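Student: Pasting work.txt here (compact mmCIF, C-alpha atoms):
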```txt
# COMPACT_ATOMS: atom_id res chain seq x y z
CA MET T 7 0.00 0.00 0.00
CA ARG T 8 1.46 3.40 -0.97
CA GLY T 9 1.54 6.28 1.45
CA SER T 10 3.07 6.98 4.81
CA PRO T 11 3.50 4.16 7.34
CA PHE T 12 1.10 5.98 9.65
CA LEU T 13 -1.65 5.97 7.05
CA ARG T 14 -1.00 2.30 6.31
CA TRP T 15 -1.52 1.43 9.95
CA VAL T 16 -4.66 3.55 10.11
CA ALA T 17 -6.04 1.77 7.05
CA LEU T 18 -5.21 -1.64 8.50
CA GLY T 19 -6.82 -0.71 11.81
CA LEU T 20 -9.99 0.44 10.11
CA ALA T 21 -10.08 -2.72 8.03
CA ALA T 22 -9.73 -4.82 11.18
CA LEU T 23 -12.58 -2.94 12.83
CA GLY T 24 -14.67 -3.45 9.72
CA LEU T 25 -14.01 -7.17 9.71
CA GLN T 26 -15.23 -7.43 13.29
CA GLY T 27 -18.62 -6.26 12.12
CA CYS T 28 -18.80 -8.85 9.33
CA MET T 29 -20.74 -12.08 9.70
CA THR T 30 -18.74 -15.03 10.95
CA ILE T 31 -17.71 -17.41 8.17
CA ARG T 32 -19.84 -20.52 8.47
CA GLY T 33 -18.15 -23.81 9.22
CA THR T 34 -20.30 -25.85 6.85
CA GLN T 35 -21.55 -25.66 3.28
CA ASP T 36 -25.14 -24.58 2.66
CA ALA T 37 -27.71 -27.29 3.14
CA VAL T 38 -29.10 -29.11 0.09
CA PRO T 39 -32.88 -28.92 0.56
CA GLU T 40 -33.58 -31.65 -2.02
CA LEU T 41 -31.93 -34.16 0.30
CA ARG T 42 -34.51 -33.44 2.98
CA PRO T 43 -38.11 -34.70 2.85
CA THR T 44 -40.43 -31.89 1.81
CA GLU T 45 -43.57 -33.32 3.30
CA ALA T 46 -44.35 -32.76 6.87
CA LEU T 47 -43.46 -35.65 9.12
CA VAL T 48 -46.24 -38.11 9.90
CA PRO T 49 -47.24 -37.45 13.50
CA MET T 50 -45.93 -40.15 15.79
CA THR T 51 -49.34 -41.38 16.93
CA THR T 52 -50.51 -41.71 13.31
CA ALA T 53 -47.36 -43.56 12.33
CA LEU T 54 -47.73 -45.96 15.24
CA THR T 55 -51.37 -46.66 14.36
CA ARG T 56 -50.51 -47.39 10.72
CA PHE T 57 -47.59 -49.56 11.76
CA ALA T 58 -49.71 -51.62 14.15
CA SER T 59 -52.55 -52.13 11.67
CA ASN T 60 -52.82 -55.32 9.64
CA ASP T 61 -54.20 -53.27 6.76
CA ALA T 62 -51.18 -52.56 4.54
CA THR T 63 -53.09 -49.96 2.54
CA LEU T 64 -52.78 -47.61 5.50
CA ARG T 65 -49.02 -47.85 4.97
CA GLY T 66 -49.26 -47.22 1.21
CA GLY T 67 -48.92 -50.94 0.60
CA LEU T 68 -45.61 -51.14 2.46
CA SER T 69 -44.71 -53.94 4.80
CA LYS T 70 -44.43 -53.06 8.46
CA GLN T 71 -40.65 -53.29 8.29
CA ASP T 72 -40.35 -51.05 5.22
CA TYR T 73 -42.77 -48.55 6.71
CA ARG T 74 -40.88 -48.53 9.97
CA ASP T 75 -37.62 -47.84 8.14
CA ILE T 76 -39.07 -45.02 6.09
CA VAL T 77 -40.43 -43.34 9.21
CA ILE T 78 -37.10 -43.78 10.99
CA ARG T 79 -35.31 -42.28 8.01
CA ALA T 80 -37.60 -39.26 7.82
CA TYR T 81 -37.38 -38.50 11.53
CA SER T 82 -33.61 -39.03 11.58
CA GLN T 83 -33.13 -36.53 8.80
CA LYS T 84 -35.28 -33.99 10.60
CA ILE T 85 -33.36 -34.50 13.85
CA ASP T 86 -30.03 -34.25 12.03
CA GLY T 87 -31.10 -31.04 10.35
CA LYS T 88 -32.06 -29.39 13.62
CA TYR T 89 -28.85 -30.59 15.24
CA ALA T 90 -26.78 -29.09 12.42
CA VAL T 91 -28.47 -25.73 12.92
CA PHE T 92 -27.87 -25.96 16.67
CA VAL T 93 -24.16 -26.68 16.25
CA ASP T 94 -23.85 -23.93 13.67
CA GLN T 95 -25.33 -21.50 16.18
CA LEU T 96 -22.91 -22.66 18.85
CA TYR T 97 -19.88 -22.04 16.63
CA SER T 98 -21.23 -18.73 15.38
CA GLY T 99 -22.39 -17.61 18.78
CA ASP T 100 -21.46 -14.34 20.45
CA ARG T 101 -18.72 -15.06 22.96
CA GLY T 102 -20.02 -12.29 25.16
CA THR T 103 -23.42 -13.88 25.78
CA ALA T 104 -24.41 -15.42 29.05
CA LEU T 105 -23.91 -18.88 27.52
CA GLY T 106 -20.44 -17.92 26.39
CA PHE T 107 -19.55 -16.65 29.85
CA ASP T 108 -20.94 -19.76 31.54
CA LEU T 109 -18.95 -21.97 29.20
CA LEU T 110 -15.90 -19.88 29.96
CA GLN T 111 -16.41 -20.51 33.67
CA LEU T 112 -16.77 -24.21 33.06
CA GLY T 113 -13.73 -24.15 30.85
CA LEU T 114 -11.80 -22.62 33.72
CA SER T 115 -13.05 -25.17 36.20
CA ALA T 116 -10.56 -27.95 36.81
CA ALA T 117 -13.46 -30.25 37.71
CA THR T 118 -14.66 -30.61 34.13
CA GLY T 119 -11.19 -31.15 32.69
CA LEU T 120 -12.24 -29.40 29.52
CA VAL T 121 -9.13 -27.27 29.22
CA LYS T 122 -5.68 -28.73 29.71
CA GLN T 123 -3.25 -27.03 32.05
CA GLU T 124 -0.74 -26.21 29.30
CA ALA T 125 -3.44 -24.38 27.35
CA VAL T 126 -4.26 -22.30 30.41
CA GLU T 127 -0.62 -21.38 30.93
CA GLU T 128 -0.35 -20.19 27.38
CA LEU T 129 -2.97 -17.54 27.99
CA SER T 130 -2.39 -16.28 31.47
CA ALA T 131 -0.27 -16.73 34.55
CA ALA T 132 -1.04 -20.20 35.87
CA SER T 133 -1.42 -18.99 39.44
CA THR T 134 -3.85 -16.26 38.41
CA VAL T 135 -6.14 -18.60 36.48
CA ALA T 136 -5.89 -21.30 39.09
CA ALA T 137 -7.14 -18.81 41.66
CA GLY T 138 -10.22 -18.30 39.52
CA ALA T 139 -9.47 -14.67 38.71
CA ARG T 140 -10.95 -13.22 35.52
CA ALA T 141 -7.59 -11.79 34.45
CA SER T 142 -6.46 -11.02 30.93
CA ILE T 143 -7.69 -14.19 29.27
CA ASP T 144 -8.63 -14.72 25.67
CA LYS T 145 -12.30 -15.55 26.17
CA ARG T 146 -12.75 -16.46 22.53
CA LEU T 147 -10.08 -19.17 22.69
CA PHE T 148 -11.64 -20.73 25.80
CA TYR T 149 -15.12 -20.61 24.26
CA ASP T 150 -13.97 -22.22 21.02
CA ARG T 151 -12.09 -24.99 22.79
CA THR T 152 -14.98 -25.67 25.15
CA ILE T 153 -17.50 -25.78 22.30
CA THR T 154 -15.25 -28.11 20.33
CA ALA T 155 -15.11 -30.54 23.24
CA LEU T 156 -18.87 -30.37 23.80
CA VAL T 157 -19.72 -30.87 20.11
CA ALA T 158 -17.31 -33.78 19.93
CA SER T 159 -19.05 -35.36 22.91
CA MET T 160 -22.51 -34.85 21.39
CA ASP T 161 -21.32 -36.18 18.02
CA ALA T 162 -19.87 -39.27 19.64
CA GLU T 163 -23.08 -40.05 21.48
CA ARG T 164 -25.22 -39.39 18.38
CA THR T 165 -23.01 -41.64 16.28
CA ARG T 166 -23.35 -44.42 18.82
CA ILE T 167 -27.14 -44.13 18.85
CA LYS T 168 -27.42 -43.97 15.04
CA ALA T 169 -25.19 -47.02 14.71
CA ASP T 170 -27.44 -48.83 17.17
CA ILE T 171 -30.54 -47.86 15.17
CA ALA T 172 -28.89 -49.00 11.91
CA ARG T 173 -28.10 -52.36 13.47
CA LYS T 174 -31.63 -52.79 14.77
CA ARG T 175 -33.17 -51.92 11.40
CA ARG T 176 -31.96 -55.29 10.16
CA LEU T 177 -34.33 -56.92 12.61
CA PRO T 178 -37.84 -57.86 11.57
CA ALA T 179 -40.67 -55.51 12.51
CA ASN T 180 -41.89 -57.69 15.35
CA GLU T 181 -38.43 -57.61 17.02
CA TYR T 182 -37.72 -53.91 16.47
CA THR T 183 -41.06 -52.16 16.40
CA LEU T 184 -41.77 -48.57 15.49
CA ASN T 185 -42.36 -47.95 19.20
CA ASP T 186 -38.83 -49.13 19.91
CA ALA T 187 -37.54 -46.95 17.10
CA PHE T 188 -39.27 -43.85 18.47
CA ASP T 189 -37.61 -44.47 21.83
CA ASP T 190 -34.24 -44.55 20.09
CA LEU T 191 -35.06 -41.43 18.08
CA ASN T 192 -35.86 -39.62 21.30
CA LEU T 193 -32.46 -40.67 22.60
CA LEU T 194 -30.97 -39.18 19.44
CA VAL T 195 -32.68 -35.88 20.16
CA GLU T 196 -31.50 -35.91 23.77
CA ALA T 197 -27.94 -36.61 22.68
CA GLY T 198 -27.85 -33.16 21.10
CA SER T 199 -27.88 -31.52 24.50
CA LEU T 200 -25.15 -29.42 26.09
CA ASN T 201 -26.09 -30.63 29.57
CA ARG T 202 -25.67 -34.24 28.55
CA ALA T 203 -22.37 -33.40 26.87
CA PHE T 204 -21.14 -31.69 30.04
CA SER T 205 -22.20 -34.68 32.11
CA SER T 206 -20.57 -37.11 29.72
CA ILE T 207 -17.29 -35.22 29.67
CA THR T 208 -17.30 -34.81 33.43
CA ARG T 209 -18.04 -38.53 33.89
CA SER T 210 -15.17 -39.43 31.56
CA ALA T 211 -12.88 -37.07 33.42
CA ASP T 212 -13.98 -38.58 36.73
CA VAL T 213 -13.37 -42.12 35.48
CA ALA T 214 -9.96 -41.12 34.17
CA ARG T 215 -9.13 -39.50 37.51
CA GLU T 216 -10.22 -42.58 39.45
CA GLN T 217 -8.16 -44.85 37.22
CA ALA T 218 -5.13 -42.60 37.59
CA GLN T 219 -5.56 -42.53 41.36
CA ALA T 220 -5.90 -46.32 41.52
CA ARG T 221 -2.71 -46.70 39.52
CA LEU T 222 -0.91 -44.17 41.69
CA ASP T 223 -2.02 -45.91 44.88
CA GLY T 224 -0.41 -49.13 43.66
CA ILE T 225 3.00 -47.57 43.02
CA PRO T 226 5.46 -47.64 45.94
CA ALA T 227 6.79 -44.30 47.13
CA ALA T 228 10.50 -43.59 47.24
CA CYS T 229 12.17 -42.35 50.39
CA GLU T 230 11.91 -38.62 50.91
CA ASP T 231 14.98 -36.44 50.57
CA ILE T 232 17.14 -38.84 48.55
CA ASN T 233 20.57 -37.39 47.94
CA ALA T 234 23.60 -38.25 45.83
CA ASP T 235 25.16 -40.33 48.62
CA ASP T 236 22.17 -42.66 48.53
CA GLY T 237 23.05 -43.60 44.98
CA ALA T 238 26.61 -44.49 45.92
CA LEU T 239 25.43 -46.52 48.91
CA ILE T 240 22.91 -48.43 46.82
CA GLN T 241 25.61 -49.15 44.24
CA THR T 242 27.88 -50.46 47.02
CA PHE T 243 25.10 -52.70 48.29
CA ARG T 244 24.35 -54.02 44.81
CA GLN T 245 27.99 -54.79 44.14
CA PHE T 246 28.22 -56.61 47.48
CA ILE T 247 25.20 -58.87 47.08
CA THR T 248 26.04 -59.78 43.48
CA LYS T 249 29.50 -61.02 44.42
CA GLY T 250 28.26 -64.37 45.61
CA GLU T 251 25.66 -66.46 47.38
CA ALA T 252 27.18 -65.93 50.81
CA ASN T 253 26.92 -62.15 50.52
CA LEU T 254 23.37 -62.39 49.26
CA GLN T 255 22.33 -64.59 52.16
CA ALA T 256 24.11 -62.35 54.66
CA ALA T 257 22.19 -59.36 53.41
CA ALA T 258 18.90 -61.22 53.43
CA SER T 259 19.53 -62.34 56.99
CA ALA T 260 20.46 -58.84 58.18
CA MET T 261 17.39 -57.40 56.50
CA ASP T 262 15.16 -60.21 57.79
CA ILE T 263 13.95 -61.00 54.29
CA GLN T 264 12.53 -64.39 53.37
CA PHE T 265 12.46 -65.18 49.67
CA ALA T 266 9.49 -66.77 47.99
CA PRO T 267 9.94 -69.43 45.30
CA GLY T 268 10.74 -67.81 41.99
CA ASP T 269 11.83 -64.51 43.51
CA ASP T 270 14.53 -62.49 41.79
CA ARG T 271 16.47 -62.36 45.03
CA THR T 272 18.83 -59.57 44.00
CA SER T 273 15.89 -57.37 43.01
CA VAL T 274 14.08 -58.15 46.25
CA LEU T 275 17.11 -57.15 48.31
CA LEU T 276 17.76 -53.99 46.27
CA ASP T 277 14.12 -52.97 46.60
CA GLY T 278 14.24 -53.54 50.34
CA PHE T 279 17.47 -51.55 50.69
CA ALA T 280 16.12 -48.63 48.65
CA THR T 281 12.71 -48.57 50.32
CA ASP T 282 13.18 -49.63 53.93
CA TYR T 283 16.52 -47.99 54.70
CA CYS T 284 15.73 -44.36 54.09
CA GLY T 285 18.56 -41.94 54.67
CA ASN T 286 22.30 -42.34 54.51
CA THR T 287 22.59 -43.32 58.19
CA ALA T 288 20.30 -46.33 57.90
CA LYS T 289 21.96 -47.48 54.70
CA ARG T 290 25.47 -47.15 56.15
CA ALA T 291 24.45 -49.01 59.27
CA LEU T 292 23.24 -51.98 57.26
CA LEU T 293 26.29 -51.99 55.03
CA GLU T 294 28.50 -52.01 58.11
CA SER T 295 26.55 -54.82 59.68
CA ILE T 296 27.07 -57.08 56.67
CA GLY T 297 30.66 -56.02 56.12
CA ALA T 298 29.97 -54.27 52.83
CA ASN T 299 31.40 -50.88 53.61
CA MET A 3 14.65 -57.88 32.45
CA ALA A 4 11.97 -56.38 34.64
CA THR A 5 10.48 -52.94 35.01
CA LYS A 6 9.68 -51.18 38.23
CA GLU A 7 7.67 -48.04 38.95
CA ARG A 8 8.43 -45.66 41.79
CA LYS A 9 6.69 -42.43 42.74
CA TYR A 10 8.24 -39.23 44.07
CA LYS A 11 6.52 -36.37 45.84
CA GLY A 12 5.44 -33.53 43.61
CA SER A 13 6.85 -31.01 46.08
CA LEU A 14 10.41 -31.85 45.02
CA THR A 15 12.32 -29.45 42.80
CA LEU A 16 13.31 -30.79 39.42
CA GLY A 17 16.89 -30.97 40.62
CA LYS A 18 16.01 -33.08 43.67
CA LEU A 19 13.86 -35.32 41.52
CA GLU A 20 16.79 -35.82 39.17
CA THR A 21 19.04 -36.69 42.14
CA ALA A 22 16.47 -39.13 43.50
CA CYS A 23 16.09 -40.90 40.15
CA GLU A 24 19.87 -41.06 39.71
CA ALA A 25 20.15 -42.78 43.10
CA GLU A 26 17.32 -45.20 42.46
CA GLU A 27 18.75 -46.20 39.09
CA GLN A 28 21.37 -48.02 41.16
CA ALA A 29 18.63 -50.19 42.65
CA TYR A 30 16.17 -50.58 39.80
CA GLY A 31 18.13 -50.07 36.61
CA THR A 32 17.98 -47.57 33.79
CA ILE A 33 15.15 -45.06 33.88
CA ILE A 34 12.96 -45.46 30.81
CA LYS A 35 10.00 -43.19 31.53
CA ILE A 36 8.99 -40.26 33.69
CA GLU A 37 5.43 -39.02 33.96
CA ALA A 38 3.46 -36.64 36.12
CA LEU A 39 0.53 -38.40 37.77
CA GLY A 40 -1.86 -37.16 40.41
CA GLY A 41 0.54 -34.59 41.82
CA TRP A 42 3.47 -37.02 41.90
CA SER A 43 6.26 -37.93 39.51
CA VAL A 44 6.31 -41.57 38.50
CA ALA A 45 9.51 -43.05 37.13
CA THR A 46 9.77 -46.41 35.41
CA TYR A 47 13.04 -48.33 35.54
CA ASP A 48 14.37 -51.35 33.65
CA ASN A 49 16.89 -53.52 35.47
CA ALA A 50 18.46 -54.99 32.32
CA GLU A 51 21.45 -52.81 33.09
CA PHE A 52 22.64 -50.30 35.67
CA PRO A 53 24.00 -46.94 34.48
CA PRO A 54 26.90 -44.98 35.96
CA LEU A 55 26.35 -42.97 39.11
CA GLN A 56 24.92 -39.46 38.79
CA SER A 57 24.53 -39.61 35.05
CA LEU A 58 21.07 -38.16 34.48
CA ALA A 59 20.03 -34.71 33.36
CA PHE A 60 16.41 -33.55 33.51
CA VAL A 61 15.98 -30.52 31.29
CA PRO A 62 12.66 -28.65 31.36
CA LYS A 63 10.96 -27.81 28.10
CA ALA A 64 9.59 -24.32 27.76
CA GLY A 65 6.36 -24.08 25.81
CA GLY A 66 6.83 -27.59 24.51
CA ILE A 67 10.14 -26.67 22.91
CA PRO A 68 13.14 -28.60 24.21
CA ALA A 69 16.01 -26.65 25.68
CA PRO A 70 19.43 -27.07 24.09
CA ALA A 71 20.91 -30.44 24.95
CA PRO A 72 23.57 -30.49 27.65
CA ALA A 73 27.12 -30.95 26.42
CA HIS A 74 28.31 -34.57 26.12
CA ALA A 75 24.86 -35.88 26.78
CA THR A 76 22.69 -38.43 24.96
CA PHE A 77 18.98 -37.85 24.65
CA LEU A 78 16.95 -40.63 26.27
CA PHE A 79 13.27 -39.66 26.11
CA ASP A 80 10.72 -36.96 26.76
CA GLY A 81 8.29 -37.07 29.62
CA THR A 82 6.51 -35.03 32.24
CA ALA A 83 7.35 -34.43 35.87
CA THR A 84 5.69 -32.76 38.83
CA ALA A 85 8.09 -30.24 40.31
CA LEU A 86 7.07 -27.86 43.09
CA GLY A 87 3.52 -28.95 42.48
CA VAL A 88 3.51 -28.02 38.82
CA GLU A 89 3.38 -30.48 35.95
CA ILE A 90 6.14 -29.68 33.48
CA PRO A 91 7.41 -31.35 30.32
CA VAL A 92 11.00 -32.53 30.55
CA SER A 93 13.66 -34.04 28.32
CA VAL A 94 15.83 -36.68 29.95
CA TYR A 95 19.47 -37.11 28.99
CA ARG A 96 22.30 -39.47 29.91
CA THR A 97 25.47 -37.57 30.67
CA SER A 98 28.87 -39.06 30.13
```
Rewrite the structure of this file - the entire thing - as structure tokens.
Tutor:
Amino acid sequence: MRGSPFLRWVALGLAALGLQGCMTIRGTQDAVPELRPTEALVPMTTALTRFASNDATLRGGLSKQDYRDIVIRAYSQKIDGKYAVFVDQLYSGDRGTALGFDLLQLGLSAATGLVKQEAVEELSAASTVAAGARASIDKRLFYDRTITALVASMDAERTRIKADIARKRRLPANEYTLNDAFDDLNLLVEAGSLNRAFSSITRSADVAREQAQARLDGIPAACEDINADDGALIQTFRQFITKGEANLQAAASAMDIQFAPGDDRTSVLLDGFATDYCGNTAKRALLESIGAN
Amino acid sequence: MATKERKYKGSLTLGKLETACEAEEQAYGTIIKIEALGGWSVATYDNAEFPPLQSLAFVPKAGGIPAPAPAHATFLFDGTATALGVEIPVSVYRTS
């Protein structure tokens, strides 16, 4: 752009302000209306009556199974269409709305596990955010990341339900009735819910936390305040007990260790020395008692 | 060849954690993994062989980018550690 640097920056600033007022670019292509049924959906009660009737003319001559599948298809498409609009609104939504702010709060909450610690540290001082302060944080980034996680959770649940419906459609009409199908379609509608997505993500985070805690509880803790001398003392012990059977037995006797069949005796002794003789003093005392110092 | 896990308090500094792992390598073998878990650091060792004394270097990564490797050191693996209560990514080296 020709002109002074000052004018260039003014022009760029005005352009940026102008862009803020533009509509958000949509994340999906325009819908193709011809793919959607144009007739209104058959009301559920009417569909169920026609399905249950032995008079096939009420179903346009279709078998119960074919009629069931057509109704499932029509309702699924309608549900999918409304879900797509809902998700579009979420991604295009104003970050300053009450929903955006609530999602920001949830994104900040460690309980939901929606935002990883390293992402938080990128945006603000870790201590500030951890204290719950509303410091200089990029609200848009938190909103986008939270929405992405929620939509992914809803998509996953919807995919599971639709796969279940597809599997059941192979069953004859008397094993998977239209009543059963409507129950599943209602589940599909409910799956497109932010509350359910929150609950699902929180449950997954809770399960992951419980599994991590269970694993942690099973891992032995090292002595506190291990220093460099401990390493040398452990090395001395290892060299002593690997010299011969007599040394190994002497150590086991001094440590009051009884081996079980199949034990890796050297490993058992080393583990005992590292775990039960915390501190240089205790280690040196044992080494002296077995003549290893 | 057997592996062993040990956990270290998350209140340790990275330097003290490094010293602790160096010492415990003499009991459990070469360290092969370090991970932050539930406010602790968990190290995994493999007793196939025992390394020299005091031959580890834990180097923190800033913003996911590894710091320059220490001189005369061989890169072992990347992991995470809990130091002073904070989970940090680290690169682990074997010094000669």
Student: Residues of chain A near chain T: apply a cut-off of 6 Å, count all atoms listed in the file, and supply the list as a PyMOL selection string.
Tutor: chain A and resi 8-10+22+25+28-29
Student: Using all atoms listed in the file, pick whichever of A:Thr21, A:Thr5, A:Ser13, A:Ser93 has the shortest atom-to-atom distance to Gly41 (chain A).
Tutor: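 The answer is A:Ser13, which sits nearest to Gly41 (chain A).
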Student: If you count all atoms listed in the file, which residues fall within 12 Å of Asn192 (chain T), apart from same-chain ones fewer than 3 positions away, as a PyMOL selection string?
Tutor: chain T and resi 50+78+81-82+85+164+167-168+171+185-189+195-199
Student: Between CA of Thr76 (chain A) and CA of Leu19 (chain A), what is the distance, to one decimal in Å?
Tutor: 19.0 Å
Student: Could you state the separation of CA of Arg176 (chain T) and CA of Asp161 (chain T) in Å, given to one decimal place?
Tutor: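 Distance between the two atoms: 23.2 Å.
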Student: For Glu181 (chain T), which residue out of T:Asp150, T:Leu200, T:Arg74, T:Ala260 is the nearest one, using all atoms listed in the file?
Tutor: T:Arg74
Student: What lies within 7 Å of region 62-72 of chain A using only C-alpha atoms, ignoring chain neighbours under 6 positions off, as a PyMOL selection string?
Tutor: chain A and resi 90-93
Student: Would you mind reading off the distance between CA of Glu27 (chain A) and CA of Gln217 (chain T), one decimal, in Å?
Tutor: 27.0 Å
Student: With only C-alpha atoms as the basis for distance, which of A:Glu7, A:Val61, A:Val94, A:Thr32 is at the shortest distance from Asp48 (chain A)?
Tutor: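 Closest candidate: A:Thr32.
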